[in-house]
file final.txt (compact mmCIF, C-alpha atoms (C1' of nucleotides))
# COMPACT_ATOMS: atom_id res chain seq x y z
CA MET A 1 0.00 0.00 0.00
CA VAL A 2 1.33 3.36 -0.98
CA LYS A 3 0.42 6.66 0.59
CA LYS A 4 -0.98 9.65 -1.18
CA HIS A 5 1.59 12.05 -2.53
CA ARG A 6 2.21 14.96 -0.24
CA PRO A 7 3.60 18.40 -1.03
CA HIS A 8 7.33 18.24 -0.53
CA ASP A 9 7.52 21.53 1.31
CA GLU A 10 4.94 20.46 3.82
CA LEU A 11 6.54 17.08 4.32
CA ARG A 12 10.01 18.52 4.67
CA ALA A 13 8.77 20.93 7.29
CA GLU A 14 7.05 18.19 9.24
CA ILE A 15 10.07 15.93 9.21
CA LEU A 16 12.28 18.82 10.21
CA ALA A 17 10.00 19.64 13.11
CA VAL A 18 10.07 16.10 14.42
CA ALA A 19 13.83 15.87 13.97
CA THR A 20 14.29 19.19 15.72
CA LYS A 21 12.36 17.95 18.69
CA ALA A 22 14.39 14.75 18.74
CA VAL A 23 17.70 16.64 18.63
CA THR A 24 16.59 19.06 21.32
CA GLU A 25 15.57 16.27 23.63
CA GLY A 26 17.98 13.50 22.85
CA GLY A 27 20.75 14.79 20.62
CA ALA A 28 21.77 13.60 17.20
CA SER A 29 21.63 9.95 18.17
CA ALA A 30 17.91 10.34 18.81
CA VAL A 31 17.42 11.00 15.12
CA SER A 32 17.01 7.55 13.65
CA ALA A 33 15.55 6.96 10.24
CA ARG A 34 12.91 4.57 11.47
CA SER A 35 11.78 6.55 14.49
CA ILE A 36 11.42 9.75 12.49
CA ALA A 37 9.65 7.89 9.72
CA GLN A 38 7.18 6.41 12.14
CA ALA A 39 6.52 9.74 13.83
CA VAL A 40 5.71 11.41 10.51
CA ASP A 41 3.85 8.34 9.26
CA VAL A 42 6.04 7.84 6.27
CA SER A 43 8.49 5.16 5.20
CA VAL A 44 12.23 5.41 5.68
CA GLY A 45 12.75 5.76 1.96
CA THR A 46 10.87 9.02 1.84
CA ILE A 47 13.23 10.62 4.31
CA TYR A 48 16.15 9.65 2.15
CA ASN A 49 14.41 11.01 -0.90
CA LEU A 50 14.07 14.36 0.80
CA PHE A 51 17.32 14.70 2.73
CA GLY A 52 19.76 12.38 1.01
CA HIS A 53 21.32 11.13 4.19
CA LEU A 54 20.41 11.30 7.83
CA ASP A 55 23.37 13.63 8.12
CA GLY A 56 21.54 16.00 5.85
CA LEU A 57 18.57 16.01 8.16
CA VAL A 58 20.65 16.72 11.24
CA ARG A 59 22.45 19.46 9.39
CA ALA A 60 19.16 21.03 8.46
CA VAL A 61 18.18 20.96 12.11
CA ASN A 62 21.51 22.51 13.05
CA PHE A 63 21.04 25.25 10.53
CA GLN A 64 17.76 26.19 12.11
CA HIS A 65 19.27 26.17 15.56
CA MET A 66 22.11 28.33 14.33
CA GLN A 67 19.60 30.86 13.12
CA ASP A 68 17.81 30.72 16.44
CA LEU A 69 21.07 31.39 18.22
CA TYR A 70 21.86 34.27 15.90
CA GLY A 71 18.47 35.77 16.58
CA LEU A 72 18.91 35.53 20.33
CA LEU A 73 22.38 37.03 20.18
CA SER A 74 21.48 39.98 18.00
CA GLU A 75 18.50 40.70 20.20
CA ALA A 76 20.73 40.60 23.25
CA VAL A 77 23.16 43.03 21.67
CA GLN A 78 20.40 45.47 20.84
CA GLN A 79 18.94 45.39 24.32
CA ALA A 80 22.31 45.74 25.99
CA GLY A 81 24.04 48.96 26.95
CA ASP A 82 26.20 50.99 24.61
CA SER A 83 29.62 49.99 25.83
CA PRO A 84 31.46 47.17 24.08
CA GLU A 85 31.88 45.44 27.41
CA ASP A 86 28.18 45.42 28.16
CA ARG A 87 27.41 44.10 24.74
CA LEU A 88 29.98 41.35 24.86
CA LEU A 89 28.77 40.38 28.30
CA ALA A 90 25.23 40.20 27.03
CA MET A 91 26.31 37.98 24.16
CA GLY A 92 28.23 35.66 26.42
CA GLU A 93 25.38 35.41 28.84
CA THR A 94 22.92 34.70 26.06
CA TYR A 95 25.16 32.08 24.58
CA LEU A 96 25.39 30.30 27.91
CA LYS A 97 21.65 30.40 28.38
CA PHE A 98 21.13 29.02 24.91
CA ALA A 99 23.39 26.09 25.73
CA GLN A 100 21.83 25.49 29.11
CA ALA A 101 18.30 25.60 27.76
CA SER A 102 19.05 22.45 25.79
CA PRO A 103 22.49 20.91 26.16
CA ARG A 104 21.66 18.31 23.52
CA ARG A 105 20.77 20.92 20.98
CA TRP A 106 23.94 22.82 21.76
CA GLU A 107 26.22 19.81 21.53
CA THR A 108 24.63 18.68 18.31
CA LEU A 109 25.09 22.14 16.88
CA PHE A 110 28.77 22.36 17.74
CA ARG A 111 29.95 18.79 17.94
CA TYR A 112 28.02 16.88 15.33
CA GLU A 113 30.15 15.71 12.49
CA ALA A 114 28.78 14.34 9.29
CA GLU A 115 30.46 11.76 7.13
CA THR A 116 29.50 13.66 4.03
CA PRO A 117 31.26 17.01 3.77
CA THR A 118 29.47 20.03 5.17
CA GLU A 119 27.67 22.36 2.90
CA ASP A 120 28.72 25.93 3.53
CA ARG A 121 25.41 27.26 4.77
CA LEU A 122 26.53 26.72 8.33
CA ASP A 123 29.85 28.38 7.69
CA GLN A 124 28.06 31.43 6.38
CA ALA A 125 25.91 31.56 9.49
CA GLU A 126 29.08 31.41 11.50
CA ASP A 127 30.54 34.35 9.64
CA ALA A 128 27.40 36.30 10.39
CA LEU A 129 27.85 35.47 14.03
CA PHE A 130 31.37 36.78 14.02
CA ALA A 131 30.25 39.96 12.30
CA LEU A 132 27.77 40.42 15.11
CA LEU A 133 30.60 40.03 17.56
CA GLN A 134 32.58 42.70 15.77
CA SER A 135 29.72 45.15 15.69
CA ALA A 136 29.07 44.50 19.38
CA SER A 137 32.62 45.43 20.19
CA GLY A 138 32.21 48.70 18.35
CA LYS A 139 34.98 47.61 16.00
CA GLN A 140 37.41 48.61 18.70
CA GLU A 141 39.05 45.22 18.96
CA SER A 142 41.05 43.27 16.43
CA LYS A 143 39.89 40.03 14.89
CA GLU A 144 42.48 38.20 16.91
CA VAL A 145 41.28 39.55 20.20
CA LEU A 146 37.65 38.93 19.40
CA SER A 147 38.02 35.37 18.25
CA ALA A 148 40.27 34.58 21.21
CA LEU A 149 37.68 36.05 23.54
CA TRP A 150 34.89 34.14 21.92
CA ALA A 151 36.84 30.92 22.01
CA ALA A 152 37.32 31.53 25.71
CA VAL A 153 33.61 32.00 26.30
CA HIS A 154 32.93 28.94 24.20
CA GLY A 155 35.30 27.00 26.42
CA VAL A 156 33.47 28.02 29.54
CA VAL A 157 30.19 26.90 28.03
CA GLU A 158 31.77 23.70 26.85
CA LEU A 159 32.93 22.79 30.33
CA ALA A 160 29.66 23.91 31.88
CA ILE A 161 27.53 21.78 29.59
CA GLY A 162 29.77 18.81 28.81
CA ARG A 163 29.14 15.90 31.12
CA ARG A 164 32.72 14.86 30.68
CA LEU A 165 34.67 17.24 32.88
CA THR A 166 33.64 18.38 36.31
CA LEU A 167 36.18 21.20 36.31
CA GLY A 168 34.59 24.58 35.85
CA ARG A 169 31.07 23.32 36.00
CA ASP A 170 30.59 25.48 39.03
CA LYS A 171 29.72 29.01 38.08
CA PRO A 172 29.90 29.40 34.34
CA LEU A 173 28.23 32.79 34.36
CA ASP A 174 30.82 34.17 36.75
CA HIS A 175 33.53 32.68 34.61
CA ILE A 176 32.20 34.35 31.52
CA HIS A 177 32.08 37.68 33.28
CA LEU A 178 35.58 37.20 34.52
CA ILE A 179 36.92 36.21 31.11
CA ILE A 180 35.37 39.12 29.27
CA LYS A 181 36.10 41.81 31.84
CA ALA A 182 39.62 40.66 32.54
CA GLY A 183 40.21 39.97 28.88
CA LEU A 184 39.28 43.48 27.78
CA ARG A 185 41.29 45.13 30.54
CA GLY A 186 44.22 42.82 29.93
CA VAL A 187 44.30 43.65 26.24
CA GLN A 188 44.43 47.32 27.14
CA ALA A 189 47.28 46.67 29.53
CA LEU A 190 49.15 44.69 26.90
CA ARG A 191 48.74 47.48 24.41
CA ALA A 192 50.11 49.93 26.96
CA GLU A 193 53.09 47.67 27.50
CA GLY A 194 53.61 47.52 23.78
CA GLY A 195 53.14 43.78 23.92
CA LEU A 196 50.56 43.72 21.19
CA MET B 1 37.41 -24.76 18.53
CA VAL B 2 38.42 -22.95 21.67
CA LYS B 3 41.67 -21.10 22.17
CA LYS B 4 44.19 -21.75 24.88
CA HIS B 5 43.63 -19.76 28.04
CA ARG B 6 45.77 -16.66 28.22
CA PRO B 7 46.88 -14.69 31.27
CA HIS B 8 44.32 -12.00 31.87
CA ASP B 9 46.86 -9.30 32.49
CA GLU B 10 48.62 -9.95 29.25
CA LEU B 11 45.40 -10.13 27.31
CA ARG B 12 44.02 -6.96 28.88
CA ALA B 13 47.20 -5.12 27.99
CA GLU B 14 47.11 -6.32 24.41
CA ILE B 15 43.48 -5.37 23.92
CA LEU B 16 44.14 -2.00 25.49
CA ALA B 17 47.05 -1.40 23.17
CA VAL B 18 45.02 -2.18 20.09
CA ALA B 19 42.10 -0.06 21.32
CA THR B 20 44.46 2.80 22.11
CA LYS B 21 45.80 2.74 18.60
CA ALA B 22 42.27 2.65 17.21
CA VAL B 23 41.19 5.64 19.31
CA THR B 24 44.29 7.61 18.41
CA GLU B 25 43.79 7.04 14.73
CA GLY B 26 40.04 6.93 14.33
CA GLY B 27 38.39 8.01 17.55
CA ALA B 28 35.95 6.10 19.71
CA SER B 29 33.90 4.94 16.75
CA ALA B 30 36.91 3.02 15.48
CA VAL B 31 36.69 0.80 18.53
CA SER B 32 34.29 -1.91 17.44
CA ALA B 33 34.00 -5.18 19.27
CA ARG B 34 34.61 -7.25 16.19
CA SER B 35 37.54 -5.30 14.80
CA ILE B 36 39.36 -5.30 18.11
CA ALA B 37 38.60 -8.96 18.62
CA GLN B 38 40.01 -9.84 15.23
CA ALA B 39 43.13 -7.74 15.78
CA VAL B 40 43.90 -9.51 19.05
CA ASP B 41 42.84 -12.88 17.63
CA VAL B 42 40.14 -13.43 20.18
CA SER B 43 36.37 -13.66 20.05
CA VAL B 44 34.04 -10.79 20.86
CA GLY B 45 32.91 -12.51 24.00
CA THR B 46 36.36 -12.39 25.54
CA ILE B 47 36.44 -8.61 25.28
CA TYR B 48 33.16 -8.42 27.14
CA ASN B 49 34.45 -10.79 29.77
CA LEU B 50 37.38 -8.49 30.40
CA PHE B 51 35.87 -5.05 30.05
CA GLY B 52 32.18 -5.46 30.66
CA HIS B 53 31.11 -3.10 27.91
CA LEU B 54 32.85 -1.44 25.03
CA ASP B 55 32.41 1.74 27.03
CA GLY B 56 34.65 0.24 29.65
CA LEU B 57 37.35 -0.33 27.09
CA VAL B 58 37.20 3.21 25.75
CA ARG B 59 37.26 4.54 29.28
CA ALA B 60 40.36 2.51 30.03
CA VAL B 61 41.97 4.03 26.95
CA ASN B 62 40.93 7.49 28.08
CA PHE B 63 42.40 6.93 31.49
CA GLN B 64 45.74 6.13 29.93
CA HIS B 65 45.59 9.18 27.74
CA MET B 66 44.71 11.31 30.74
CA GLN B 67 47.81 10.07 32.47
CA ASP B 68 49.87 10.80 29.39
CA LEU B 69 48.52 14.34 29.33
CA TYR B 70 49.25 14.80 33.00
CA GLY B 71 52.80 13.63 32.44
CA LEU B 72 53.34 16.04 29.58
CA LEU B 73 51.88 18.95 31.52
CA SER B 74 53.88 18.39 34.67
CA GLU B 75 57.04 18.03 32.64
CA ALA B 76 56.24 21.27 30.86
CA VAL B 77 55.73 23.08 34.16
CA GLN B 78 59.04 21.86 35.48
CA GLN B 79 60.96 22.92 32.40
CA ALA B 80 59.29 26.32 32.25
CA GLY B 81 60.49 29.49 33.90
CA ASP B 82 59.69 30.45 37.45
CA SER B 83 56.98 33.01 36.87
CA PRO B 84 53.34 31.92 37.02
CA GLU B 85 52.81 33.38 33.59
CA ASP B 86 55.57 31.36 32.00
CA ARG B 87 54.30 28.22 33.60
CA LEU B 88 50.72 28.74 32.57
CA LEU B 89 51.85 29.54 29.07
CA ALA B 90 53.86 26.34 28.97
CA MET B 91 50.86 24.35 30.13
CA GLY B 92 48.59 25.92 27.57
CA GLU B 93 51.07 25.34 24.81
CA THR B 94 51.55 21.73 25.82
CA TYR B 95 47.84 21.14 26.00
CA LEU B 96 47.41 22.47 22.50
CA LYS B 97 50.22 20.30 21.18
CA PHE B 98 48.70 17.27 22.85
CA ALA B 99 45.43 17.92 21.10
CA GLN B 100 47.02 18.62 17.76
CA ALA B 101 49.19 15.53 17.91
CA SER B 102 46.04 13.44 17.74
CA PRO B 103 42.71 15.23 17.45
CA ARG B 104 40.87 11.92 17.69
CA ARG B 105 42.53 11.01 20.93
CA TRP B 106 41.79 14.45 22.33
CA GLU B 107 38.16 14.45 21.33
CA THR B 108 37.63 10.96 22.66
CA LEU B 109 39.22 11.99 25.93
CA PHE B 110 37.05 15.04 26.40
CA ARG B 111 33.91 14.30 24.47
CA TYR B 112 33.27 10.61 24.79
CA GLU B 113 30.26 9.79 26.83
CA ALA B 114 29.43 6.34 28.03
CA GLU B 115 25.97 4.99 28.62
CA THR B 116 27.06 3.37 31.81
CA PRO B 117 28.00 5.87 34.50
CA THR B 118 31.62 6.92 34.72
CA GLU B 119 33.81 5.44 37.37
CA ASP B 120 35.63 8.14 39.28
CA ARG B 121 39.15 7.32 38.22
CA LEU B 122 38.96 9.93 35.52
CA ASP B 123 37.57 12.51 37.90
CA GLN B 124 40.50 11.93 40.21
CA ALA B 125 42.92 12.43 37.34
CA GLU B 126 41.14 15.65 36.59
CA ASP B 127 41.57 16.85 40.14
CA ALA B 128 45.26 16.12 39.88
CA LEU B 129 45.37 18.20 36.74
CA PHE B 130 43.78 21.14 38.48
CA ALA B 131 46.22 20.81 41.35
CA LEU B 132 49.01 21.05 38.83
CA LEU B 133 47.45 24.22 37.51
CA GLN B 134 47.35 25.67 40.99
CA SER B 135 50.94 24.85 41.72
CA ALA B 136 51.96 26.31 38.36
CA SER B 137 50.32 29.59 39.25
CA GLY B 138 52.29 29.70 42.48
CA LYS B 139 49.01 29.67 44.35
CA GLN B 140 48.70 33.35 43.56
CA GLU B 141 45.38 33.01 41.82
CA SER B 142 42.01 31.97 43.10
CA LYS B 143 40.24 28.80 42.04
CA GLU B 144 37.77 30.89 40.14
CA VAL B 145 40.39 32.66 38.10
CA LEU B 146 42.28 29.49 37.37
CA SER B 147 39.36 27.44 36.23
CA ALA B 148 38.06 30.30 34.13
CA LEU B 149 41.48 30.65 32.52
CA TRP B 150 41.71 26.96 31.88
CA ALA B 151 38.24 26.85 30.42
CA ALA B 152 39.32 29.64 28.11
CA VAL B 153 42.38 27.74 26.95
CA HIS B 154 40.25 24.65 26.54
CA GLY B 155 37.90 26.64 24.34
CA VAL B 156 40.70 27.76 22.08
CA VAL B 157 41.85 24.18 21.69
CA GLU B 158 38.29 23.08 21.11
CA LEU B 159 37.84 25.48 18.23
CA ALA B 160 41.27 24.73 16.84
CA ILE B 161 40.71 20.99 16.76
CA GLY B 162 36.99 20.63 16.19
CA ARG B 163 36.13 20.30 12.56
CA ARG B 164 32.84 21.94 13.25
CA LEU B 165 33.63 25.63 13.50
CA THR B 166 36.04 27.49 11.29
CA LEU B 167 36.14 30.46 13.64
CA GLY B 168 39.37 30.70 15.54
CA ARG B 169 41.03 27.85 13.73
CA ASP B 170 43.62 30.33 12.58
CA LYS B 171 46.31 30.78 15.17
CA PRO B 172 45.42 28.87 18.29
CA LEU B 173 48.83 29.31 19.83
CA ASP B 174 48.60 33.08 19.54
CA HIS B 175 45.12 32.94 21.01
CA ILE B 176 46.34 30.98 24.00
CA HIS B 177 49.10 33.45 24.60
CA LEU B 178 46.66 36.30 24.32
CA ILE B 179 44.17 34.72 26.67
CA ILE B 180 46.68 33.92 29.37
CA LYS B 181 48.65 37.16 29.21
CA ALA B 182 45.61 39.38 28.96
CA GLY B 183 43.76 37.28 31.47
CA LEU B 184 46.43 37.61 34.14
CA ARG B 185 46.87 41.35 33.57
CA GLY B 186 43.15 41.87 33.47
CA VAL B 187 42.64 40.13 36.76
CA GLN B 188 45.23 42.40 38.29
CA ALA B 189 43.46 45.43 36.88
CA LEU B 190 40.12 44.21 38.19
CA ARG B 191 41.58 43.73 41.62
CA ALA B 192 42.95 47.28 41.49
CA GLU B 193 39.51 48.55 40.56
CA GLY B 194 38.04 46.62 43.42
CA GLY B 195 35.92 44.67 41.01
CA LEU B 196 36.97 41.31 42.34
C1' DC C 1 46.97 -41.28 35.07
C1' DT C 2 42.11 -40.45 35.39
C1' DC C 3 38.28 -37.91 36.51
C1' DC C 4 35.95 -33.92 37.61
C1' DA C 5 34.81 -29.20 38.91
C1' DT C 6 35.96 -24.78 37.73
C1' DA C 7 37.35 -21.16 34.73
C1' DT C 8 37.74 -19.50 30.10
C1' DT C 9 36.63 -18.96 25.42
C1' DT C 10 33.61 -19.13 21.77
C1' DG C 11 30.34 -17.60 18.12
C1' DA C 12 25.62 -17.94 16.74
C1' DA C 13 21.69 -15.19 17.72
C1' DC C 14 19.08 -10.82 18.77
C1' DA C 15 17.87 -6.19 18.38
C1' DG C 16 19.25 -2.17 16.74
C1' DT C 17 21.52 1.12 13.21
C1' DG C 18 22.04 3.72 8.13
C1' DT C 19 21.26 2.95 3.41
C1' DT C 20 19.74 1.19 -1.20
C1' DC C 21 16.61 0.26 -4.87
C1' DA C 22 13.31 -2.65 -7.53
C1' DA C 23 8.63 -2.77 -7.21
C1' DT C 24 4.33 -0.50 -6.60
C1' DA C 25 1.25 2.92 -6.38
C1' DT C 26 -0.29 7.71 -7.36
C1' DA C 27 -0.49 11.87 -10.12
C1' DT C 28 -0.37 14.30 -14.44
C1' DG C 29 -0.61 15.59 -19.35
C1' DG C 30 -2.14 14.41 -23.94
C1' DC D 1 -8.57 6.76 -20.86
C1' DC D 2 -4.14 5.62 -21.29
C1' DA D 3 0.91 6.50 -21.08
C1' DT D 4 4.34 8.72 -18.89
C1' DA D 5 6.44 10.65 -15.02
C1' DT D 6 6.72 11.12 -10.21
C1' DA D 7 6.50 9.64 -5.39
C1' DT D 8 6.34 6.02 -1.92
C1' DT D 9 7.33 1.85 -0.09
C1' DG D 10 9.63 -1.75 2.70
C1' DA D 11 12.32 -5.88 2.24
C1' DA D 12 17.16 -6.64 2.06
C1' DC D 13 22.14 -5.75 3.12
C1' DA D 14 25.89 -4.73 5.91
C1' DC D 15 27.08 -3.04 9.85
C1' DT D 16 26.76 -2.10 15.21
C1' DG D 17 26.80 -3.63 20.68
C1' DT D 18 25.51 -7.29 23.57
C1' DT D 19 24.18 -11.86 25.54
C1' DC D 20 24.74 -16.56 26.93
C1' DA D 21 24.41 -21.66 26.35
C1' DA D 22 27.58 -24.63 24.80
C1' DA D 23 32.38 -26.23 24.00
C1' DT D 24 36.77 -26.53 25.53
C1' DA D 25 40.93 -25.92 28.49
C1' DT D 26 42.93 -26.06 33.01
C1' DG D 27 44.44 -27.58 37.54
C1' DG D 28 43.87 -30.34 41.35
C1' DA D 29 42.25 -34.66 43.99
C1' DG D 30 42.14 -39.45 44.37
call {"tool": "encode", "arguments": {"input": "final.txt", "output": "structure tokens"}}
result
Amino acid sequence: MVKKHRPHDELRAEILAVATKAVTEGGASAVSARSIAQAVDVSVGTIYNLFGHLDGLVRAVNFQHMQDLYGLLSEAVQQAGDSPEDRLLAMGETYLKFAQASPRRWETLFRYEAETPTEDRLDQAEDALFALLQSASGKQESKEVLSALWAAVHGVVELAIGRRLTLGRDKPLDHIHLIIKAGLRGVQALRAEGGL
Amino acid sequence: MVKKHRPHDELRAEILAVATKAVTEGGASAVSARSIAQAVDVSVGTIYNLFGHLDGLVRAVNFQHMQDLYGLLSEAVQQAGDSPEDRLLAMGETYLKFAQASPRRWETLFRYEAETPTEDRLDQAEDALFALLQSASGKQESKEVLSALWAAVHGVVELAIGRRLTLGRDKPLDHIHLIIKAGLRGVQALRAEGGL
DNA sequence: CTCCATATTTGAACAGTGTTCAATATATGG
DNA sequence: CCATATATTGAACACTGTTCAAATATGGAG
């Protein structure tokens, strides 16, 4: 018995919604061809027709989550004060909250690796994120400083969310504040020393 | 046909060696019961008799790698200069090299999550690592500052090694230097401001 | 040396995974 | 109304971790 043909757009959206829920609740490993298929009342084959591989589906989910994150971050920047420090703090805080709201979603977004090579949609989104970082800093800081700072914040989140290390799982928010405040002041000091 | 009994110690060591190689070259997913069994010329069942689950095997590998890392770090601290900054820089540099030497090993060590709950051997090793960090800083810095700094360094390594984000994959060593130098100076500045 | 209990090893079997693709059914245009 | 194109299906294949009854090896007692 074969089901009625369904509009691809509609079907894609439905599958994506189910997969998104699965990723948010159980991570990438919760996205199995058969479970998704059953949830959408469709056969496994159909999923492959629409997304190529399961990797493709997870990537599509990640892309959405990346956009969500971007939205949250840009909103945070707008609502924050005018100083670069306030803005960067707001971004860091928002990033941490995003991760804490759903650790699975976060780890799938930043850890998931596909067999098939990544399309560059996600890379583009990442560039946009960095541009946001630059605008938040009022273009006062160099690329080097900004990406180092962001990597640092990312590390704090990583340790806070990852169930692997207990180190630094204590007060991630305080750590982020410390990193950003000390980082900005330290860069100033280094510049004064001529060490930059 | 059933093989001759082999000393458990010897067999454990051999399996561990093969699994270690597999992790180093291909990550945790390269450790499959059948492939390991074949490499050691033993049946799958024997591996389960010795390690309980495959998780147990990977954890044993991780424990070894953790010890290796600890060895490298403590050596680096000893060979570094006397100032806290020099020592922290040496640790950061060594940590990065460790990760770069085998990304798979690093990511298995810090990302791998078992179904079965972790035994606390790894946690202990982690405590030892933090103690090393404290001694390297000459006990000048608070726990908060140290773990924040280490999280920051960890984040730089994470972005440098992870194939997920392109951001900050540029000059991880420079980033680590920046983070540690600016971090230490910034903390001083914050203390002067009374903001700590 | 023989017999037996214990310890060890085995590998077929089970449930799960991603993926493919010929067959089957539906939809569409002439 | 039929022929062509399009969409859906699900059995089949090759893999995965894991279990456990059966087969064998071992070491000691008589």
call {"tool": "closest_atom_pairs", "arguments": {"input": "final.txt", "of": "chain B", "to": "chain D", "cutoff": "10 Å", "atoms": "all atoms listed in the file", "output": "Markdown table"}}
result
| residue | atom | partner | partner_atom | distance |
| --- | --- | --- | --- | --- |
| B:Met1 | CA | D:DT24 | C1' | 7.2 |
| B:Val2 | CA | D:DT24 | C1' | 5.5 |
| B:Lys3 | CA | D:DA25 | C1' | 8.0 |
| B:Lys4 | CA | D:DA25 | C1' | 6.4 |
| B:His5 | CA | D:DA25 | C1' | 6.7 |
| B:Ser32 | CA | D:DT16 | C1' | 7.9 |
| B:Ala33 | CA | D:DG17 | C1' | 7.5 |
| B:Arg34 | CA | D:DT16 | C1' | 9.4 |
| B:Val44 | CA | D:DT18 | C1' | 9.6 |
| B:Gly45 | CA | D:DT19 | C1' | 8.9 |
| B:Tyr48 | CA | D:DT18 | C1' | 8.5 |
| B:Gly52 | CA | D:DT18 | C1' | 9.9 |
| B:His53 | CA | D:DT18 | C1' | 8.2 |
| B:Leu54 | CA | D:DG17 | C1' | 7.8 |
call {"tool": "axis_aligned_box", "arguments": {"input": "final.txt", "around": "region 8-19 of chain D", "padding_each_side": "8 Å", "output": "JSON"}}
result
{"center_x": 16.7, "center_y": -2.9, "center_z": 11.8, "size_x": 36.7, "size_y": 33.9, "size_z": 43.5}
call {"tool": "residues_around", "arguments": {"input": "final.txt", "residues": "region 75-77 of chain B", "least_positions_apart": "3", "cutoff": "12 Å", "atoms": "only C-alpha atoms (C1' of nucleotides)", "output": "MDAnalysis selection string"}}
result
chainID B and resid 68:72 80:95 97:98 129 132:138
call {"tool": "write_last_selection", "arguments": {"input": "final.txt", "atoms": "C-alpha atoms", "output": "PDB file, in the frame of the given file"}}
result
ATOM      1  CA  ASP B  68      49.870  10.800  29.390  1.00  0.00           C
ATOM      2  CA  LEU B  69      48.520  14.340  29.330  1.00  0.00           C
ATOM      3  CA  TYR B  70      49.250  14.800  33.000  1.00  0.00           C
ATOM      4  CA  GLY B  71      52.800  13.630  32.440  1.00  0.00           C
ATOM      5  CA  LEU B  72      53.340  16.040  29.580  1.00  0.00           C
ATOM      6  CA  ALA B  80      59.290  26.320  32.250  1.00  0.00           C
ATOM      7  CA  GLY B  81      60.490  29.490  33.900  1.00  0.00           C
ATOM      8  CA  ASP B  82      59.690  30.450  37.450  1.00  0.00           C
ATOM      9  CA  SER B  83      56.980  33.010  36.870  1.00  0.00           C
ATOM     10  CA  PRO B  84      53.340  31.920  37.020  1.00  0.00           C
ATOM     11  CA  GLU B  85      52.810  33.380  33.590  1.00  0.00           C
ATOM     12  CA  ASP B  86      55.570  31.360  32.000  1.00  0.00           C
ATOM     13  CA  ARG B  87      54.300  28.220  33.600  1.00  0.00           C
ATOM     14  CA  LEU B  88      50.720  28.740  32.570  1.00  0.00           C
ATOM     15  CA  LEU B  89      51.850  29.540  29.070  1.00  0.00           C
ATOM     16  CA  ALA B  90      53.860  26.340  28.970  1.00  0.00           C
ATOM     17  CA  MET B  91      50.860  24.350  30.130  1.00  0.00           C
ATOM     18  CA  GLY B  92      48.590  25.920  27.570  1.00  0.00           C
ATOM     19  CA  GLU B  93      51.070  25.340  24.810  1.00  0.00           C
ATOM     20  CA  THR B  94      51.550  21.730  25.820  1.00  0.00           C
ATOM     21  CA  TYR B  95      47.840  21.140  26.000  1.00  0.00           C
ATOM     22  CA  LYS B  97      50.220  20.300  21.180  1.00  0.00           C
ATOM     23  CA  PHE B  98      48.700  17.270  22.850  1.00  0.00           C
ATOM     24  CA  LEU B 129      45.370  18.200  36.740  1.00  0.00           C
ATOM     25  CA  LEU B 132      49.010  21.050  38.830  1.00  0.00           C
ATOM     26  CA  LEU B 133      47.450  24.220  37.510  1.00  0.00           C
ATOM     27  CA  GLN B 134      47.350  25.670  40.990  1.00  0.00           C
ATOM     28  CA  SER B 135      50.940  24.850  41.720  1.00  0.00           C
ATOM     29  CA  ALA B 136      51.960  26.310  38.360  1.00  0.00           C
ATOM     30  CA  SER B 137      50.320  29.590  39.250  1.00  0.00           C
ATOM     31  CA  GLY B 138      52.290  29.700  42.480  1.00  0.00           C
TER      32      GLY B 138
END
call {"tool": "atom_distance", "arguments": {"input": "final.txt", "atom1": "CA of Ile47 (chain A)", "atom2": "CA of Thr20 (chain A)"}}
result
14.3 Å
call {"tool": "interface_residues", "arguments": {"input": "final.txt", "of": "chain B", "to": "chain A", "cutoff": "6 Å", "atoms": "all atoms listed in the file", "output": "ChimeraX atom specification"}}
result
/B:147-148,151-152,154-156,168,175,182-183,185-187
call {"tool": "write_last_selection", "arguments": {"input": "final.txt", "atoms": "C-alpha atoms", "output": "PDB file, in the coordinates of the input"}}
result
ATOM      1  CA  SER B 147      39.360  27.440  36.230  1.00  0.00           C
ATOM      2  CA  ALA B 148      38.060  30.300  34.130  1.00  0.00           C
ATOM      3  CA  ALA B 151      38.240  26.850  30.420  1.00  0.00           C
ATOM      4  CA  ALA B 152      39.320  29.640  28.110  1.00  0.00           C
ATOM      5  CA  HIS B 154      40.250  24.650  26.540  1.00  0.00           C
ATOM      6  CA  GLY B 155      37.900  26.640  24.340  1.00  0.00           C
ATOM      7  CA  VAL B 156      40.700  27.760  22.080  1.00  0.00           C
ATOM      8  CA  GLY B 168      39.370  30.700  15.540  1.00  0.00           C
ATOM      9  CA  HIS B 175      45.120  32.940  21.010  1.00  0.00           C
ATOM     10  CA  ALA B 182      45.610  39.380  28.960  1.00  0.00           C
ATOM     11  CA  GLY B 183      43.760  37.280  31.470  1.00  0.00           C
ATOM     12  CA  ARG B 185      46.870  41.350  33.570  1.00  0.00           C
ATOM     13  CA  GLY B 186      43.150  41.870  33.470  1.00  0.00           C
ATOM     14  CA  VAL B 187      42.640  40.130  36.760  1.00  0.00           C
TER      15      VAL B 187
END
call {"tool": "atom_distance", "arguments": {"input": "final.txt", "atom1": "C1' of DC14 (chain C)", "atom2": "CA of Ala30 (chain B)"}}
result
22.8 Å
call {"tool": "closest_residue", "arguments": {"input": "final.txt", "among": "B:Leu57, B:Leu50, B:Leu173, B:Ala131", "to": "chain C", "atoms": "all atoms listed in the file"}}
result
B:Leu50
call {"tool": "interface_residues", "arguments": {"input": "final.txt", "of": "chain C", "to": "chain A", "cutoff": "12 Å", "atoms": "all atoms listed in the file", "output": "JSON, numbers by chain"}}
result
{"C": [16, 17, 18, 19, 20, 21, 23, 24, 25, 26, 27]}
